[in-house]
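Accompanying notes for the structure given below.
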Amino acid sequence: MRVVVGNRPLLEAIAIEKSFDYKLFEDLSLSLYAKQSVAVMGRSGTGKSTLLHILSTLLKPDRGEVLIQGKSIYSFREEEIEAIRRKEIGIIFQSHYLFKGLSAYENVETATLLAQTKIDKSIFELLEIDHVMHKKVSELSGGQQQRVSIARVLSKKPKIIFADEPTGNLDKESANRVIDALNSYIQHYNAALFLVTHDFAIAKKAQKLYQLENRRLNIR
Ligand SMILES: Nc1ncnc2c1ncn2[C@@H]1O[C@H](COP(=O)(O)OP(=O)(O)O)[C@@H](O)[C@H]1O
Ligand SMILES: [Mg+2]
């Protein structure tokens with residue numbers, strides 16, 4: 001039997017603070033473990049996207065630390081951060097960024113070339129798009145396009161997935177499919193999910209659900 005010593009979170013935020021015109025949050029701490037999904041809800045303008053950008057290395061907080069696998073991301077050299085962004089982190093937005101003239105398959109291929117991974121068809125099955133991968137993006141429905149853009153991100157095999165309103169443009173059935181696929185991905189690949197959403201039905205599928213309000217993350 002193997003003993004696992006020190007089960008560190010994949011991602012930790014320690015006492016982070018950020019202001020733009022007003023203070024969005026302060027003394028905000030959070031841990032995200034492998035196989036764990038965390039959802040954040042909150043009114044528009046409370047700083048959910050800003051928090052996601054800070055946690056995903058895209059933005060620096062005014063105070064506090066973000067640790068990835070136990071190391072402060074501000075201690076990494078620029079090349080190391082770029083490698084983390086390219087390989088370890090996957091970010092999914094409400095609107096997708098696909099090449100319209102290419103097929104769904106070719107879109108995923110460009111991402112795997114950059115991340116130096118192989119295309120894994122099980123991801124297409126997970127997202128129920130395996131039968132449309134040969135089609136041009138412009139021939140797919142909105143829900144299918146969003147799932148292709150998610151396949152593009154997951155094909156890099158990221159350890160931490162950040163999703164900012166990923167189901168905002170989807171009908172209920174497509175939204176459920178997307179969230180179920182993300183949750184199976186993190187179980188299967190020992191990854192973690194940080195999800196921002198307005199949709200309570202989607203948010204409550206996460207293991208932990210927070211509300212960002214009064215500059216704090218409160219458990220719901
Ligand atoms: N890069 C930026 N520069 C200036 N203000 C910003 C920037 N990003 C976000 N903000 C402001 O911070 C607040 C929170 O924005 P955001 O994080 O997008 O909130 P949410 O995602 O919860 O709706 C808003 O008032 C927004 O205008
Ligand atoms: Mg937002």
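Numbering starts fresh at 1 for the residues of each chain in the structure tokens, the chains themselves are lettered A, B, ... in the order given, and ligands are numbered from 1 as they appear.
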Kindly work out which residues sit at most 7 Å from ligand 1, using only C-alpha atoms and all ligand atoms, and give the list as a ChimeraX atom specification. /A:20-21,24,42-51
Just-selected residues, N, CA and C atoms written as an mmCIF file, in the first residue's frame:
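Writing the result to result.cif gives the following:
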data_model
loop_
_atom_site.group_PDB
_atom_site.id
_atom_site.type_symbol
_atom_site.label_atom_id
_atom_site.label_comp_id
_atom_site.auth_asym_id
_atom_site.auth_seq_id
_atom_site.Cartn_x
_atom_site.Cartn_y
_atom_site.Cartn_z
ATOM 1 N N PHE A 20 -10.204 47.736 -8.714
ATOM 2 C CA PHE A 20 -10.128 48.592 -9.894
ATOM 3 C C PHE A 20 -10.663 49.953 -9.454
ATOM 4 N N ASP A 21 -11.895 50.294 -9.847
ATOM 5 C CA ASP A 21 -12.464 51.561 -9.365
ATOM 6 C C ASP A 21 -12.850 51.450 -7.900
ATOM 7 N N LEU A 24 -12.685 45.040 -5.083
ATOM 8 C CA LEU A 24 -13.528 43.905 -5.477
ATOM 9 C C LEU A 24 -13.560 42.852 -4.380
ATOM 10 N N GLY A 42 -22.485 34.956 -8.087
ATOM 11 C CA GLY A 42 -22.409 36.310 -7.549
ATOM 12 C C GLY A 42 -22.941 37.287 -8.565
ATOM 13 N N ARG A 43 -23.369 38.448 -8.073
ATOM 14 C CA ARG A 43 -23.955 39.438 -8.967
ATOM 15 C C ARG A 43 -22.924 39.960 -9.939
ATOM 16 N N SER A 44 -23.419 40.498 -11.030
ATOM 17 C CA SER A 44 -22.556 41.077 -12.040
ATOM 18 C C SER A 44 -21.736 42.209 -11.416
ATOM 19 N N GLY A 45 -20.454 42.261 -11.729
ATOM 20 C CA GLY A 45 -19.598 43.324 -11.224
ATOM 21 C C GLY A 45 -18.953 43.038 -9.877
ATOM 22 N N THR A 46 -19.221 41.870 -9.281
ATOM 23 C CA THR A 46 -18.625 41.564 -7.981
ATOM 24 C C THR A 46 -17.162 41.124 -8.108
ATOM 25 N N GLY A 47 -16.738 40.804 -9.330
ATOM 26 C CA GLY A 47 -15.317 40.465 -9.519
ATOM 27 C C GLY A 47 -15.046 38.993 -9.806
ATOM 28 N N LYS A 48 -16.057 38.261 -10.245
ATOM 29 C CA LYS A 48 -15.879 36.829 -10.504
ATOM 30 C C LYS A 48 -14.869 36.584 -11.632
ATOM 31 N N SER A 49 -15.026 37.335 -12.731
ATOM 32 C CA SER A 49 -14.089 37.150 -13.849
ATOM 33 C C SER A 49 -12.689 37.592 -13.450
ATOM 34 N N THR A 50 -12.613 38.670 -12.685
ATOM 35 C CA THR A 50 -11.306 39.147 -12.219
ATOM 36 C C THR A 50 -10.634 38.076 -11.356
ATOM 37 N N LEU A 51 -11.415 37.463 -10.465
ATOM 38 C CA LEU A 51 -10.874 36.385 -9.629
ATOM 39 C C LEU A 51 -10.369 35.235 -10.507
#
Residues within 8 Å of A:Gln36, only C-alpha atoms, excluding chain neighbours under 4 positions, as a list of chain:residue names
A:Leu32, A:Ile186, A:Gln187, A:Ala191, A:Ala192, A:Leu193, A:Ala206, A:Gln207
Next item on the list: Please provide the set of residues having any atom within 8 Å of A:Val40, restricted to only C-alpha atoms, with same-chain residues fewer than 5 positions apart removed, written as number ranges by chain.
Entry: A: 48, 194-197, 203, 209-212
Any chance you could export the current selection's C-alpha atoms as a JSON list (two decimals), in the first residue's frame?
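As written to disk, out13.json reads:
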[["chain", "number", "residue", "atom", "x", "y", "z"],
["A", 48, "LYS", "CA", -15.88, 36.83, -10.50],
["A", 194, "PHE", "CA", -12.95, 26.38, -11.16],
["A", 195, "LEU", "CA", -16.30, 27.47, -12.56],
["A", 196, "VAL", "CA", -18.02, 30.84, -12.63],
["A", 197, "THR", "CA", -21.71, 30.75, -13.46],
["A", 203, "ALA", "CA", -23.37, 25.61, -10.00],
["A", 209, "LEU", "CA", -20.37, 26.34, -4.13],
["A", 210, "TYR", "CA", -19.41, 29.87, -3.17],
["A", 211, "GLN", "CA", -21.09, 33.23, -3.45],
["A", 212, "LEU", "CA", -18.85, 36.23, -4.07]]
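The smallest atom-to-atom distance between A:Lys18 and any of A:Arg215, A:Arg220, A:Lys157, A:Lys205, using only C-alpha atoms, is found for A:Arg215.
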Of A:Glu106, A:Glu165, A:Asp199, A:Asp62, the one nearest to A:Lys136 when counting only C-alpha atoms is A:Glu106
Stretch 137-145 of chain A: which residues within 7 Å, counting only C-alpha atoms, same-chain residues fewer than 4 positions away excluded, as a PyMOL selection string?
chain A and resi 100-104+129+149+170+174
Please write the residues from the selection above to a file, keeping N, CA and C atoms, as a PDB file, in the first residue's frame.
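So the final result, stored in selection-v9.pdb, reads:
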ATOM      1  N   LYS A 100     -13.390  29.331 -38.044  1.00  0.00           N
ATOM      2  CA  LYS A 100     -14.646  28.970 -38.717  1.00  0.00           C
ATOM      3  C   LYS A 100     -14.438  28.148 -39.986  1.00  0.00           C
ATOM      4  N   GLY A 101     -13.358  28.441 -40.726  1.00  0.00           N
ATOM      5  CA  GLY A 101     -13.127  27.747 -42.000  1.00  0.00           C
ATOM      6  C   GLY A 101     -12.555  26.344 -41.858  1.00  0.00           C
ATOM      7  N   LEU A 102     -12.092  26.019 -40.648  1.00  0.00           N
ATOM      8  CA  LEU A 102     -11.505  24.685 -40.437  1.00  0.00           C
ATOM      9  C   LEU A 102     -12.569  23.729 -39.903  1.00  0.00           C
ATOM     10  N   SER A 103     -12.272  22.442 -40.019  1.00  0.00           N
ATOM     11  CA  SER A 103     -13.188  21.469 -39.429  1.00  0.00           C
ATOM     12  C   SER A 103     -13.010  21.491 -37.912  1.00  0.00           C
ATOM     13  N   ALA A 104     -13.982  20.886 -37.230  1.00  0.00           N
ATOM     14  CA  ALA A 104     -13.902  20.763 -35.774  1.00  0.00           C
ATOM     15  C   ALA A 104     -12.617  20.028 -35.394  1.00  0.00           C
ATOM     16  N   ILE A 129     -19.517  14.749 -29.359  1.00  0.00           N
ATOM     17  CA  ILE A 129     -19.308  15.442 -30.632  1.00  0.00           C
ATOM     18  C   ILE A 129     -18.494  14.586 -31.597  1.00  0.00           C
ATOM     19  N   SER A 149     -15.080  23.822 -28.768  1.00  0.00           N
ATOM     20  CA  SER A 149     -14.087  24.708 -28.157  1.00  0.00           C
ATOM     21  C   SER A 149     -13.637  24.138 -26.808  1.00  0.00           C
ATOM     22  N   LEU A 170     -25.865  28.569 -23.896  1.00  0.00           N
ATOM     23  CA  LEU A 170     -26.369  27.244 -24.267  1.00  0.00           C
ATOM     24  C   LEU A 170     -27.766  26.990 -23.716  1.00  0.00           C
ATOM     25  N   SER A 174     -27.770  21.278 -23.495  1.00  0.00           N
ATOM     26  CA  SER A 174     -26.362  21.437 -23.856  1.00  0.00           C
ATOM     27  C   SER A 174     -25.535  21.843 -22.646  1.00  0.00           C
TER      28      SER A 174
END
Next item on the list: Could you give me the residues within stretch 71-136 of chain A that DSSP places in strand (DSSP E), as a ChimeraX atom specification?
Entry: /A:71-72,89-92
A:Asn190, A:Gln94, A:Gln69, A:Ser19 ranked by distance to ligand 2, top pick (using only C-alpha atoms and all ligand atoms):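 Closest to ligand 2, using only C-alpha atoms and all ligand atoms: A:Gln94.
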Ligand 2 proximity check over A:Glu88, A:Asp164, A:Glu79, A:Glu17, using only C-alpha atoms and all ligand atoms: winner is A:Asp164
For A:Val153: contacts at 9 Å, only C-alpha atoms, fewer than 5 positions along chain excluded, given as a PDB file with N, CA and C atoms, in the first residue's frame:
ATOM      1  N   ILE A  89      -2.924  24.686 -17.712  1.00  0.00           N
ATOM      2  CA  ILE A  89      -4.134  25.462 -17.469  1.00  0.00           C
ATOM      3  C   ILE A  89      -4.999  25.479 -18.717  1.00  0.00           C
ATOM      4  N   GLY A  90      -6.291  25.272 -18.534  1.00  0.00           N
ATOM      5  CA  GLY A  90      -7.223  25.370 -19.656  1.00  0.00           C
ATOM      6  C   GLY A  90      -8.297  26.392 -19.303  1.00  0.00           C
ATOM      7  N   ILE A  91      -8.521  27.357 -20.179  1.00  0.00           N
ATOM      8  CA  ILE A  91      -9.529  28.376 -19.875  1.00  0.00           C
ATOM      9  C   ILE A  91     -10.652  28.328 -20.904  1.00  0.00           C
ATOM     10  N   ILE A  92     -11.878  28.284 -20.405  1.00  0.00           N
ATOM     11  CA  ILE A  92     -13.059  28.210 -21.260  1.00  0.00           C
ATOM     12  C   ILE A  92     -13.903  29.448 -21.019  1.00  0.00           C
ATOM     13  N   VAL A 108      -9.195  21.283 -33.082  1.00  0.00           N
ATOM     14  CA  VAL A 108      -8.626  20.613 -31.912  1.00  0.00           C
ATOM     15  C   VAL A 108      -7.149  20.294 -32.167  1.00  0.00           C
ATOM     16  N   ALA A 111      -4.650  22.986 -31.316  1.00  0.00           N
ATOM     17  CA  ALA A 111      -4.375  23.114 -29.879  1.00  0.00           C
ATOM     18  C   ALA A 111      -3.417  22.026 -29.402  1.00  0.00           C
ATOM     19  N   THR A 112      -3.597  20.804 -29.897  1.00  0.00           N
ATOM     20  CA  THR A 112      -2.731  19.712 -29.429  1.00  0.00           C
ATOM     21  C   THR A 112      -1.314  19.883 -29.972  1.00  0.00           C
ATOM     22  N   VAL A 148     -17.017  21.856 -29.075  1.00  0.00           N
ATOM     23  CA  VAL A 148     -15.742  21.703 -29.798  1.00  0.00           C
ATOM     24  C   VAL A 148     -14.676  22.592 -29.146  1.00  0.00           C
ATOM     25  N   PRO A 158      -5.199  19.702 -19.585  1.00  0.00           N
ATOM     26  CA  PRO A 158      -4.817  20.613 -18.493  1.00  0.00           C
ATOM     27  C   PRO A 158      -5.156  20.023 -17.136  1.00  0.00           C
ATOM     28  N   ILE A 161      -8.817  23.518 -14.859  1.00  0.00           N
ATOM     29  CA  ILE A 161      -9.697  24.126 -15.848  1.00  0.00           C
ATOM     30  C   ILE A 161     -10.422  25.300 -15.212  1.00  0.00           C
TER      31      ILE A 161
END
Which value, in Å to one decimal, gives the distance between atom CA of A:His53 and atom CA of A:Ile81?
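Atom-to-atom, atom CA of A:His53 to atom CA of A:Ile81, that is 13.9 Å.
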